[in-house]
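Here's upload_0.cif, which has mmCIF, C-alpha atoms:
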data_query
#
loop_
_atom_site.label_atom_id
_atom_site.label_comp_id
_atom_site.auth_asym_id
_atom_site.auth_seq_id
_atom_site.Cartn_x
_atom_site.Cartn_y
_atom_site.Cartn_z
CA MET N 221 -64.47 142.90 -155.37
CA ILE N 222 -60.88 142.60 -156.51
CA GLU N 223 -60.67 142.34 -160.23
CA ILE N 224 -57.67 143.41 -162.24
CA ASN N 225 -58.62 144.63 -165.69
CA ALA N 226 -57.76 147.26 -168.27
CA THR N 227 -58.66 149.99 -165.77
CA MET N 228 -55.14 149.63 -164.38
CA VAL N 229 -53.56 150.68 -167.68
CA ALA N 230 -56.13 153.43 -168.10
CA GLN N 231 -55.31 154.74 -164.63
CA VAL N 232 -51.59 154.81 -165.41
CA LEU N 233 -52.32 156.69 -168.62
CA ASN N 234 -54.65 159.05 -166.76
CA PHE N 235 -51.96 159.77 -164.21
CA LEU N 236 -49.25 160.29 -166.84
CA ILE N 237 -51.52 162.76 -168.65
CA LEU N 238 -52.19 164.54 -165.37
CA ALA N 239 -48.48 164.62 -164.55
CA ALA N 240 -47.69 166.11 -167.98
CA ILE N 241 -50.41 168.75 -167.56
CA LEU N 242 -49.33 169.61 -164.03
CA ARG N 243 -45.69 169.82 -165.04
CA ALA N 244 -46.47 172.40 -167.70
CA LEU N 245 -49.29 174.14 -165.90
CA ALA N 246 -48.23 174.29 -162.27
CA TYR N 247 -44.86 172.85 -161.43
CA LYS N 248 -42.72 174.89 -163.79
CA PRO N 249 -44.28 178.29 -162.94
CA VAL N 250 -44.23 177.52 -159.21
CA ALA N 251 -40.63 176.27 -159.32
CA ARG N 252 -39.66 179.37 -161.31
CA MET N 253 -41.43 181.57 -158.78
CA LEU N 254 -39.69 179.82 -155.88
CA GLN N 255 -36.34 180.26 -157.62
CA GLN N 256 -37.11 183.94 -158.24
CA ARG N 257 -38.08 184.36 -154.62
CA SER N 258 -34.95 182.69 -153.31
CA ASP N 259 -32.85 184.78 -155.74
CA LYS N 260 -34.62 187.92 -154.57
CA ILE N 261 -34.14 187.03 -150.91
CA ARG N 262 -30.46 186.28 -151.53
CA GLU N 263 -30.11 189.51 -153.47
CA THR N 264 -31.86 191.46 -150.71
CA ILE N 265 -29.66 189.92 -148.03
CA ASP N 266 -26.53 190.65 -150.09
CA LYS N 267 -27.72 194.21 -150.65
CA ALA N 268 -28.53 194.59 -146.95
CA ASP N 269 -25.02 193.36 -146.08
CA ALA N 270 -23.50 195.76 -148.59
CA ASP N 271 -25.66 198.61 -147.28
CA LYS N 272 -24.66 197.76 -143.72
CA LYS N 273 -21.00 197.80 -144.67
CA ALA N 274 -21.46 201.11 -146.50
CA ALA N 275 -23.35 202.52 -143.51
CA GLU N 276 -20.61 201.41 -141.14
CA GLU N 277 -17.98 202.96 -143.41
CA THR N 278 -19.98 206.19 -143.57
CA LEU N 279 -20.40 206.16 -139.80
CA ARG N 280 -16.68 205.64 -139.38
CA GLN N 281 -16.00 208.54 -141.75
CA TYR N 282 -18.50 210.73 -139.92
CA LYS N 283 -16.95 209.91 -136.58
CA SER N 284 -13.52 210.66 -137.96
CA GLN N 285 -14.76 213.94 -139.46
CA LEU N 286 -16.53 214.79 -136.22
CA ALA N 287 -13.39 214.16 -134.19
CA ASP N 288 -11.42 216.24 -136.69
CA ALA N 289 -14.00 219.01 -136.53
CA GLN N 290 -13.95 218.96 -132.73
CA ARG N 291 -10.19 219.10 -132.74
CA ARG N 292 -10.22 222.01 -135.18
CA ALA N 293 -12.97 223.76 -133.21
CA GLN N 294 -10.86 223.40 -130.06
CA GLU N 295 -7.89 224.82 -131.92
CA ILE N 296 -9.99 227.75 -133.11
CA VAL N 297 -11.30 228.35 -129.58
CA ASP N 298 -7.76 228.17 -128.17
CA LYS N 299 -6.52 230.51 -130.85
CA ALA N 300 -9.41 232.90 -130.27
CA GLU N 301 -8.74 232.88 -126.54
CA LEU N 302 -5.08 233.59 -127.13
CA THR N 303 -5.90 236.39 -129.56
CA ALA N 304 -8.44 237.83 -127.16
CA ARG N 305 -5.94 237.71 -124.32
CA GLN N 306 -3.31 239.43 -126.47
CA GLU N 307 -5.80 242.03 -127.65
CA ARG N 308 -6.90 242.66 -124.08
CA GLU N 309 -3.31 243.15 -123.02
CA VAL N 310 -2.76 245.51 -125.95
CA LEU N 311 -5.95 247.39 -125.09
CA VAL N 312 -4.99 247.59 -121.43
CA ALA N 313 -1.55 248.95 -122.39
CA GLU N 314 -3.12 251.44 -124.80
CA THR N 315 -5.62 252.49 -122.18
CA LYS N 316 -2.85 253.02 -119.67
CA LYS N 317 -0.99 255.09 -122.21
CA GLU N 318 -4.12 257.09 -122.92
CA ILE N 319 -4.66 257.64 -119.23
CA ASP N 320 -1.08 258.80 -118.84
CA ARG N 321 -1.44 261.07 -121.85
CA MET N 322 -4.70 262.48 -120.54
CA LYS N 323 -3.09 262.99 -117.13
CA GLN N 324 -0.21 264.84 -118.75
CA ASN N 325 -2.63 266.95 -120.79
CA ALA N 326 -4.60 267.70 -117.69
CA GLN N 327 -1.46 268.72 -115.82
CA ALA N 328 -0.40 270.92 -118.73
CA GLU N 329 -3.79 272.54 -118.84
CA ILE N 330 -3.74 273.05 -115.11
CA GLU N 331 -0.34 274.69 -115.51
CA ASN N 332 -1.67 276.93 -118.25
CA GLU N 333 -4.71 277.84 -116.20
CA ARG N 334 -2.51 278.63 -113.23
CA ASN N 335 -0.28 280.84 -115.32
CA ARG N 336 -3.25 282.60 -116.79
CA ALA N 337 -4.75 283.06 -113.35
CA PHE N 338 -1.45 284.43 -112.13
CA GLU N 339 -1.37 286.91 -114.98
CA GLN N 340 -4.92 287.99 -114.22
CA MET N 341 -4.20 288.25 -110.58
CA LYS N 342 -1.12 290.27 -111.33
CA ALA N 343 -3.21 292.69 -113.40
CA GLU N 344 -5.80 292.87 -110.66
CA ILE N 345 -3.14 293.62 -108.10
CA VAL N 346 -1.77 296.34 -110.31
CA SER N 347 -5.11 297.99 -110.66
CA LEU N 348 -5.88 297.60 -106.98
CA SER N 349 -2.48 298.88 -106.07
CA LEU N 350 -3.03 301.87 -108.32
CA ALA N 351 -6.36 302.55 -106.76
CA ALA N 352 -4.88 302.21 -103.31
CA ALA N 353 -1.94 304.40 -104.12
CA GLU N 354 -4.22 306.98 -105.64
CA LYS N 355 -6.26 307.14 -102.56
CA ILE N 356 -3.21 307.33 -100.32
CA VAL N 357 -1.39 310.03 -102.08
CA GLU N 358 -4.61 311.69 -103.25
CA LYS N 359 -2.63 313.27 -105.84
CA ASN N 360 -3.39 313.05 -109.44
CA LEU N 361 -0.27 312.38 -111.25
CA THR N 362 0.16 312.61 -114.95
CA SER N 363 -0.18 309.64 -117.03
CA LYS N 364 3.50 309.47 -117.62
CA GLU N 365 4.19 309.61 -113.98
CA ASN N 366 1.62 306.95 -113.36
CA ASP N 367 3.28 304.55 -115.72
CA LYS N 368 6.59 305.20 -114.21
CA LEU N 369 5.27 304.78 -110.76
CA VAL N 370 3.58 301.52 -111.65
CA GLY N 371 6.62 300.23 -113.45
CA ASP N 372 8.73 300.93 -110.45
CA PHE N 373 6.20 299.32 -108.22
CA ILE N 374 6.02 296.22 -110.32
CA SER N 375 9.67 295.81 -110.72
CA GLY N 376 9.96 296.40 -107.02
CA LEU N 377 7.77 293.40 -106.32
CA ASP N 378 9.57 290.40 -105.10
CA LYS N 379 9.21 287.42 -107.40
CA ASP N 380 9.38 285.10 -104.49
CA MET N 381 6.32 286.72 -103.14
CA PHE N 382 4.29 285.20 -106.03
CA ASP N 383 5.84 281.86 -105.61
CA GLU N 384 4.70 281.85 -102.04
CA ALA N 385 1.28 283.00 -103.19
CA LYS N 386 1.05 279.94 -105.40
CA MET M 248 -74.60 147.43 -148.01
CA GLU M 249 -74.90 145.11 -150.93
CA HIS M 250 -73.42 147.69 -153.29
CA ILE M 251 -70.00 147.65 -151.58
CA GLY M 252 -67.41 146.28 -153.94
CA VAL M 253 -69.77 146.03 -156.87
CA ARG M 254 -68.40 147.99 -159.78
CA GLU M 255 -70.08 149.06 -162.95
CA THR M 256 -67.99 147.98 -165.90
CA VAL M 257 -67.90 149.04 -169.53
CA GLN M 258 -66.46 147.25 -172.50
CA PHE M 259 -64.29 149.20 -174.91
CA MET M 260 -62.34 147.60 -177.73
CA GLY M 261 -62.74 144.25 -176.05
CA LEU M 262 -61.29 145.54 -172.77
CA THR M 263 -63.13 145.86 -169.48
CA PHE M 264 -63.00 149.15 -167.60
CA ASN M 265 -64.40 150.06 -164.19
CA TRP M 266 -66.53 153.00 -165.24
CA GLY M 267 -67.03 154.42 -161.72
CA THR M 268 -63.30 154.36 -161.02
CA LEU M 269 -62.51 156.07 -164.30
CA CYS M 270 -65.13 158.78 -163.73
CA MET M 271 -63.87 159.44 -160.22
CA THR M 272 -60.28 159.56 -161.51
CA TRP M 273 -61.22 162.12 -164.11
CA LEU M 274 -63.00 164.11 -161.42
CA ALA M 275 -59.91 163.94 -159.22
CA MET M 276 -57.74 165.01 -162.16
CA ALA M 277 -60.09 167.93 -162.82
CA VAL M 278 -59.97 168.97 -159.16
CA VAL M 279 -56.16 168.86 -159.14
CA ILE M 280 -55.97 170.83 -162.38
CA VAL M 281 -58.48 173.42 -161.16
CA ILE M 282 -56.59 173.87 -157.87
CA SER M 283 -53.32 174.18 -159.79
CA CYS M 284 -54.88 176.75 -162.11
CA LEU M 285 -56.17 178.72 -159.14
CA ALA M 286 -52.73 178.55 -157.54
CA VAL M 287 -50.75 179.71 -160.57
CA ARG M 288 -53.37 182.12 -161.90
CA SER M 289 -51.54 185.10 -160.44
CA LEU M 290 -48.29 184.00 -158.88
CA LYS M 291 -46.96 186.53 -156.43
CA VAL M 292 -43.73 186.83 -154.48
CA ILE M 293 -45.85 186.95 -151.35
CA PRO M 294 -48.19 183.95 -151.84
CA LYS M 295 -51.94 184.07 -151.25
CA GLY M 296 -54.71 181.48 -151.24
CA TRP M 297 -54.09 178.27 -153.18
CA GLN M 298 -50.59 179.44 -154.10
CA ASN M 299 -49.72 178.86 -150.44
CA PHE M 300 -50.96 175.28 -150.59
CA ILE M 301 -49.15 174.39 -153.82
CA GLU M 302 -45.97 176.11 -152.65
CA ILE M 303 -46.05 174.26 -149.32
CA VAL M 304 -46.43 170.93 -151.16
CA VAL M 305 -43.73 171.74 -153.73
CA VAL M 306 -41.21 173.08 -151.20
CA TRP M 307 -41.78 170.20 -148.79
CA LEU M 308 -41.49 167.57 -151.51
CA GLN M 309 -38.42 169.26 -153.02
CA GLY M 310 -36.75 169.12 -149.62
CA GLN M 311 -37.62 165.44 -149.20
CA MET M 312 -36.44 164.67 -152.73
CA GLU M 313 -33.13 166.39 -152.13
CA ASN M 314 -32.59 164.32 -149.00
CA MET M 315 -33.69 160.99 -150.49
CA MET M 316 -32.66 161.28 -154.10
CA GLY M 317 -29.80 163.75 -154.17
CA LYS M 318 -29.32 166.15 -157.05
CA ARG M 319 -31.07 163.85 -159.53
CA GLY M 320 -34.25 164.19 -157.48
CA LYS M 321 -35.07 167.42 -159.32
CA LEU M 322 -35.72 165.41 -162.48
CA PHE M 323 -38.50 163.52 -160.72
CA ALA M 324 -39.98 166.52 -158.91
CA PRO M 325 -42.95 167.10 -161.28
CA PHE M 326 -43.77 163.37 -161.18
CA ILE M 327 -43.60 163.17 -157.38
CA VAL M 328 -45.59 166.39 -156.84
CA SER M 329 -48.27 165.18 -159.29
CA LEU M 330 -48.37 161.76 -157.62
CA PHE M 331 -48.89 163.29 -154.18
CA LEU M 332 -51.58 165.75 -155.29
CA PHE M 333 -53.37 163.06 -157.31
CA LEU M 334 -53.35 160.48 -154.52
CA LEU M 335 -54.38 163.04 -151.90
CA THR M 336 -57.33 164.18 -154.02
CA CYS M 337 -58.31 160.59 -154.86
CA ASN M 338 -58.21 159.55 -151.20
CA LEU M 339 -60.26 162.54 -150.02
CA LEU M 340 -62.80 162.24 -152.82
CA GLY M 341 -64.33 159.13 -151.26
CA LEU M 342 -65.23 161.04 -148.09
CA ILE M 343 -67.71 163.21 -149.99
CA PRO M 344 -71.20 161.68 -150.03
CA PHE M 345 -72.15 159.89 -153.28
CA LEU M 346 -68.54 159.89 -154.45
CA GLU M 347 -65.94 157.18 -154.14
CA SER M 348 -62.17 157.17 -154.09
CA PRO M 349 -60.44 155.96 -157.24
CA THR M 350 -57.89 154.49 -154.84
CA ASN M 351 -60.47 152.09 -153.39
CA ASP M 352 -60.00 150.17 -156.64
CA LEU M 353 -56.92 147.93 -156.75
CA ASN M 354 -56.53 148.75 -160.44
CA THR M 355 -55.65 152.32 -159.53
CA THR M 356 -53.24 151.58 -156.70
CA LEU M 357 -51.58 148.66 -158.47
CA GLY M 358 -51.29 150.74 -161.63
CA MET M 359 -49.59 153.52 -159.68
CA ALA M 360 -47.32 151.08 -157.84
CA LEU M 361 -46.29 149.27 -161.02
CA MET M 362 -45.64 152.58 -162.72
CA VAL M 363 -43.41 153.63 -159.81
CA VAL M 364 -41.53 150.33 -159.93
CA CYS M 365 -41.06 150.65 -163.68
CA ILE M 366 -39.67 154.17 -163.19
CA VAL M 367 -37.37 152.86 -160.45
CA HIS M 368 -35.85 150.17 -162.67
CA ILE M 369 -35.66 152.28 -165.82
CA SER M 370 -34.02 155.14 -163.88
CA GLY M 371 -31.63 152.72 -162.18
CA LEU M 372 -30.56 151.25 -165.51
CA TYR M 373 -30.29 154.69 -167.10
CA PHE M 374 -28.16 156.24 -164.37
CA LYS M 375 -26.16 153.22 -163.16
CA GLY M 376 -26.22 150.77 -166.04
CA GLY M 377 -24.62 147.42 -165.26
CA HIS M 378 -23.97 148.36 -161.65
CA TYR M 379 -27.70 148.54 -161.10
CA ILE M 380 -28.20 144.94 -162.23
CA ALA M 381 -25.13 143.85 -160.29
CA HIS M 382 -26.52 145.20 -157.03
CA PHE M 383 -29.26 142.52 -157.12
CA PHE M 384 -26.50 139.94 -156.72
CA GLN M 385 -24.98 141.61 -153.66
CA PRO M 386 -23.56 140.59 -151.28
CA PHE M 387 -23.57 137.06 -152.78
CA ALA M 388 -25.11 135.71 -155.98
CA PRO M 389 -27.77 133.58 -154.21
CA PHE M 390 -29.15 136.75 -152.68
CA VAL M 391 -30.71 137.51 -156.03
CA VAL M 392 -33.68 135.40 -154.94
CA ILE M 393 -34.28 137.47 -151.82
CA ASN M 394 -33.71 140.68 -153.77
CA MET M 395 -36.21 139.60 -156.41
CA ILE M 396 -38.82 138.81 -153.75
CA GLU M 397 -38.17 142.27 -152.30
CA GLU M 398 -38.57 143.90 -155.70
CA ILE M 399 -41.82 142.03 -156.32
CA ALA M 400 -43.06 142.88 -152.85
CA LYS M 401 -42.52 146.58 -153.40
CA PRO M 402 -45.41 147.23 -155.80
CA ILE M 403 -47.65 144.74 -154.02
CA THR M 404 -47.16 146.36 -150.62
CA LEU M 405 -47.49 149.84 -152.06
CA ALA M 406 -50.69 148.96 -153.87
CA PHE M 407 -52.39 146.91 -151.18
CA ARG M 408 -51.52 149.27 -148.34
CA LEU M 409 -53.21 152.19 -150.03
CA PHE M 410 -56.07 150.16 -151.47
CA GLY M 411 -56.81 148.41 -148.17
CA ASN M 412 -56.78 151.53 -146.04
CA ILE M 413 -58.93 153.62 -148.33
CA LEU M 414 -61.42 150.85 -149.03
CA ALA M 415 -61.64 149.99 -145.33
CA GLY M 416 -62.22 153.64 -144.48
CA GLU M 417 -65.07 153.97 -146.94
CA ILE M 418 -66.65 150.65 -146.00
CA LEU M 419 -66.58 151.58 -142.34
CA ILE M 420 -68.24 154.93 -143.05
CA ILE M 421 -71.09 153.11 -144.79
CA VAL M 422 -71.27 150.48 -142.04
CA LEU M 423 -71.31 153.12 -139.30
CA LEU M 424 -74.10 155.01 -141.05
CA HIS M 425 -76.14 151.81 -141.07
CA LEU M 426 -75.30 150.72 -137.54
CA VAL M 427 -75.63 153.99 -135.67
CA PRO M 428 -78.92 155.89 -135.62
CA ILE M 429 -78.99 159.16 -137.52
CA TRP M 430 -79.57 161.20 -134.34
CA MET M 431 -76.19 160.07 -132.97
CA PRO M 432 -73.71 161.06 -135.64
CA ILE M 433 -70.66 161.28 -133.36
CA PRO M 434 -69.08 157.91 -134.34
CA SER M 435 -69.52 158.63 -138.04
CA VAL M 436 -68.09 162.12 -137.70
CA LEU M 437 -65.15 160.85 -135.68
CA TRP M 438 -64.48 158.13 -138.22
CA LEU M 439 -64.80 160.66 -141.04
CA ALA M 440 -62.22 162.88 -139.34
CA PHE M 441 -59.97 159.89 -138.86
CA SER M 442 -60.44 158.97 -142.52
CA ILE M 443 -59.32 162.46 -143.56
CA PHE M 444 -56.19 161.93 -141.49
CA ILE M 445 -55.69 158.43 -142.96
CA SER M 446 -56.18 159.75 -146.50
CA CYS M 447 -53.48 162.36 -146.03
CA VAL M 448 -51.14 159.92 -144.28
CA HIS M 449 -51.43 157.30 -147.02
CA ALA M 450 -50.88 159.82 -149.78
CA VAL M 451 -47.72 160.84 -147.91
CA ILE M 452 -46.64 157.22 -147.33
CA PHE M 453 -47.12 156.23 -150.97
CA THR M 454 -45.22 159.30 -152.16
CA MET M 455 -42.40 158.90 -149.63
CA LEU M 456 -41.93 155.23 -150.41
CA SER M 457 -41.91 155.99 -154.13
CA MET M 458 -39.25 158.64 -153.49
CA ALA M 459 -37.25 156.21 -151.39
CA TYR M 460 -37.38 153.49 -154.06
CA ILE M 461 -36.45 155.89 -156.85
CA GLY M 462 -33.79 157.43 -154.60
CA ASN M 463 -32.15 154.03 -154.03
CA ALA M 464 -32.04 153.48 -157.76
CA VAL M 465 -30.71 156.89 -158.84
CA LYS M 466 -28.72 158.28 -155.90
CA GLU M 467 -25.03 158.72 -156.67
#
Can the structure from this file be put into structure tokens for me?
Amino acid sequence: MIEINATMVAQVLNFLILAAILRALAYKPVARMLQQRSDKIRETIDKADADKKAAEETLRQYKSQLADAQRRAQEIVDKAELTARQEREVLVAETKKEIDRMKQNAQAEIENERNRAFEQMKAEIVSLSLAAAEKIVEKNLTSKENDKLVGDFISGLDKDMFDEAK
Amino acid sequence: MEHIGVRETVQFMGLTFNWGTLCMTWLAMAVVIVISCLAVRSLKVIPKGWQNFIEIVVVWLQGQMENMMGKRGKLFAPFIVSLFLFLLTCNLLGLIPFLESPTNDLNTTLGMALMVVCIVHISGLYFKGGHYIAHFFQPFAPFVVINMIEEIAKPITLAFRLFGNILAGEILIIVLLHLVPIWMPIPSVLWLAFSIFISCVHAVIFTMLSMAYIGNAVKE
């Protein structure tokens, strides 16, 4: 059952041949692949770290820009509010002025209207007075006499009487 | 049962060869080469199929070599990986009906063990020179006797451990098939399963011990 013979040497040779074949055929490509994989994983991890750092930096920049933008927006809002308040005050003042001016205009117009009405009334009174006088005296005077009579009548009117009539 | 241990021999150039062992060895070599070809046929970053198996073996053995042999272990990586794959295939081959393990022949296991021991001593002398020879005389000169016995025991234990286990496994399979009726295959199946486990374990043990011996000789 146990017999040592030349098979032992043949087996060693067989194995050495197999080892040489496997080294060239399998071990080297597999070892190269494993190395490539570990390099790739390392590279990916390094890249991921770099990307993370870049992302954090970008986030920090964005936050800073956002804070800056918010600050500037607040400034703009404050400024706009201030401007609006000032404009409102200006508008209110202008409106008050306009109202005053319109009031003055209205008063002036009223005055004019009153004067015009007074003049009309005066003319009406004259004509009525003439008609009344004509009826009373029932005498047809000449035109010259009429004018004189009217002029005397008018000038005889008391100015204060009109003021009271106002 | 009478065929157990009987080997067909051939004569070539005046030398005797166990023909069955040689044929089974060539078959085992072919299987290993075919599996390796399948594994490396289209290597991918994400492994599939046999590439997984070969990568698991290579990565595991590389890790063991780094622990046991240091940086110089990389030099022996192809040898160790080949040794493991070869022994594993040889051990498992005997579990297939009508085939036998090349490792159930002492010529195979002793050949492997002597080859490992030769590599151990040659590597030791190459990397450590005189210090390697001096370590046989440590701690005192008379210890050289004990150290020599240890060195001689190394290949013998390596060879006989593997040979004995594989041969015993195969013999017991045959014996069980004769002892137990065919309608009750449970003992045979259980023993077959155990033999698969034993085959793997002894391939690992042989490889690990070889790594340890080489590691002792070459480690800085």
- On this file, the PyMOL selection byres ((chain N) within 12 of (chain M)) gives some set of residues; write that set as number ranges by chain. N: 221-261
Run the PyMOL selection byres ((chain N and resi 339-346) around 12) on the file and write out the hits as a PDB file with C-alpha atoms, keeping the file's coordinate frame.
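To be explicit, this is the file written out as expr31.pdb:
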ATOM      1  CA  ASN N 332      -1.670 276.930-118.250  1.00  0.00           C
ATOM      2  CA  GLU N 333      -4.710 277.840-116.200  1.00  0.00           C
ATOM      3  CA  ARG N 334      -2.510 278.630-113.230  1.00  0.00           C
ATOM      4  CA  ASN N 335      -0.280 280.840-115.320  1.00  0.00           C
ATOM      5  CA  ARG N 336      -3.250 282.600-116.790  1.00  0.00           C
ATOM      6  CA  ALA N 337      -4.750 283.060-113.350  1.00  0.00           C
ATOM      7  CA  PHE N 338      -1.450 284.430-112.130  1.00  0.00           C
ATOM      8  CA  SER N 347      -5.110 297.990-110.660  1.00  0.00           C
ATOM      9  CA  LEU N 348      -5.880 297.600-106.980  1.00  0.00           C
ATOM     10  CA  SER N 349      -2.480 298.880-106.070  1.00  0.00           C
ATOM     11  CA  LEU N 350      -3.030 301.870-108.320  1.00  0.00           C
ATOM     12  CA  ALA N 351      -6.360 302.550-106.760  1.00  0.00           C
ATOM     13  CA  ALA N 352      -4.880 302.210-103.310  1.00  0.00           C
ATOM     14  CA  ALA N 353      -1.940 304.400-104.120  1.00  0.00           C
ATOM     15  CA  GLU N 354      -4.220 306.980-105.640  1.00  0.00           C
ATOM     16  CA  ASN N 366       1.620 306.950-113.360  1.00  0.00           C
ATOM     17  CA  ASP N 367       3.280 304.550-115.720  1.00  0.00           C
ATOM     18  CA  LEU N 369       5.270 304.780-110.760  1.00  0.00           C
ATOM     19  CA  VAL N 370       3.580 301.520-111.650  1.00  0.00           C
ATOM     20  CA  GLY N 371       6.620 300.230-113.450  1.00  0.00           C
ATOM     21  CA  ASP N 372       8.730 300.930-110.450  1.00  0.00           C
ATOM     22  CA  PHE N 373       6.200 299.320-108.220  1.00  0.00           C
ATOM     23  CA  ILE N 374       6.020 296.220-110.320  1.00  0.00           C
ATOM     24  CA  SER N 375       9.670 295.810-110.720  1.00  0.00           C
ATOM     25  CA  LEU N 377       7.770 293.400-106.320  1.00  0.00           C
ATOM     26  CA  LYS N 379       9.210 287.420-107.400  1.00  0.00           C
ATOM     27  CA  MET N 381       6.320 286.720-103.140  1.00  0.00           C
ATOM     28  CA  PHE N 382       4.290 285.200-106.030  1.00  0.00           C
ATOM     29  CA  ALA N 385       1.280 283.000-103.190  1.00  0.00           C
ATOM     30  CA  LYS N 386       1.050 279.940-105.400  1.00  0.00           C
TER      31      LYS N 386
END
Write out as JSON an axis-aligned box for segment 326-329 of chain N: all of its atoms listed in the file, 4 Å added on each side, centre and edge lengths in Å with one decimal.
{"center_x": -2.5, "center_y": 270.1, "center_z": -117.3, "size_x": 12.2, "size_y": 12.8, "size_z": 11.0}
- Message: Between atom CA of Lys375 of chain M and atom CA of Val465 of chain M, what is the distance in Å, rounded to a tenth?
- Response: 7.3 Å
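Rounded to one decimal, atom CA of Leu342 of chain M and atom CA of Trp438 of chain M lie 10.3 Å from each other.
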- Message: So the first atom is atom CA of Gly341 of chain M and the second is atom CA of Met431 of chain M; what is the distance between them in Å, to one decimal place?
- Response: 21.8 Å
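With all atoms listed in the file as the atoms that count, the residue of M:Met315, M:Ala406, M:Leu274, M:Val367 with the shortest distance to Glu467 of chain M is M:Met315.
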- If you count all atoms listed in the file, which residues fall within 10 Å of His368 of chain M, apart from same-chain ones fewer than 4 positions away, as JSON, numbers by chain? {"M": [363, 364, 372, 373, 374, 379, 380, 398, 460, 461, 464, 465]}
- Selection result for the PyMOL selection byres ((chain M and resi 454) around 9) on this file, as a ChimeraX atom specification: /M:327-328,330-331,334,449-453,455-459
Missing atoms in segment 349-360 of chain M: fill them in up to N, CA and C atoms and send the result as an mmCIF file, keeping the file's coordinate frame.
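This went into result16.cif:
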data_model
loop_
_atom_site.group_PDB
_atom_site.id
_atom_site.type_symbol
_atom_site.label_atom_id
_atom_site.label_comp_id
_atom_site.auth_asym_id
_atom_site.auth_seq_id
_atom_site.Cartn_x
_atom_site.Cartn_y
_atom_site.Cartn_z
ATOM 1 N N PRO M 349 -61.023 156.844 -156.207
ATOM 2 C CA PRO M 349 -60.440 155.960 -157.240
ATOM 3 C C PRO M 349 -59.446 154.978 -156.620
ATOM 4 N N THR M 350 -58.891 155.359 -155.470
ATOM 5 C CA THR M 350 -57.890 154.490 -154.840
ATOM 6 C C THR M 350 -58.543 153.353 -154.040
ATOM 7 N N ASN M 351 -59.874 153.264 -154.033
ATOM 8 C CA ASN M 351 -60.470 152.090 -153.390
ATOM 9 C C ASN M 351 -60.601 150.949 -154.410
ATOM 10 N N ASP M 352 -60.045 151.204 -155.595
ATOM 11 C CA ASP M 352 -60.000 150.170 -156.640
ATOM 12 C C ASP M 352 -58.540 149.724 -156.767
ATOM 13 N N LEU M 353 -58.308 148.434 -156.671
ATOM 14 C CA LEU M 353 -56.920 147.930 -156.750
ATOM 15 C C LEU M 353 -56.264 148.262 -158.084
ATOM 16 N N ASN M 354 -57.096 148.404 -159.127
ATOM 17 C CA ASN M 354 -56.530 148.750 -160.440
ATOM 18 C C ASN M 354 -55.760 150.073 -160.380
ATOM 19 N N THR M 355 -56.308 151.017 -159.635
ATOM 20 C CA THR M 355 -55.650 152.320 -159.530
ATOM 21 C C THR M 355 -54.346 152.184 -158.748
ATOM 22 N N THR M 356 -54.435 151.626 -157.563
ATOM 23 C CA THR M 356 -53.240 151.580 -156.700
ATOM 24 C C THR M 356 -52.154 150.683 -157.304
ATOM 25 N N LEU M 357 -52.568 149.552 -157.866
ATOM 26 C CA LEU M 357 -51.580 148.660 -158.470
ATOM 27 C C LEU M 357 -50.968 149.319 -159.719
ATOM 28 N N GLY M 358 -51.802 150.008 -160.463
ATOM 29 C CA GLY M 358 -51.290 150.740 -161.630
ATOM 30 C C GLY M 358 -50.232 151.743 -161.211
ATOM 31 N N MET M 359 -50.556 152.511 -160.177
ATOM 32 C CA MET M 359 -49.590 153.520 -159.680
ATOM 33 C C MET M 359 -48.310 152.832 -159.196
ATOM 34 N N ALA M 360 -48.485 151.763 -158.420
ATOM 35 C CA ALA M 360 -47.320 151.080 -157.840
ATOM 36 C C ALA M 360 -46.450 150.480 -158.935
#
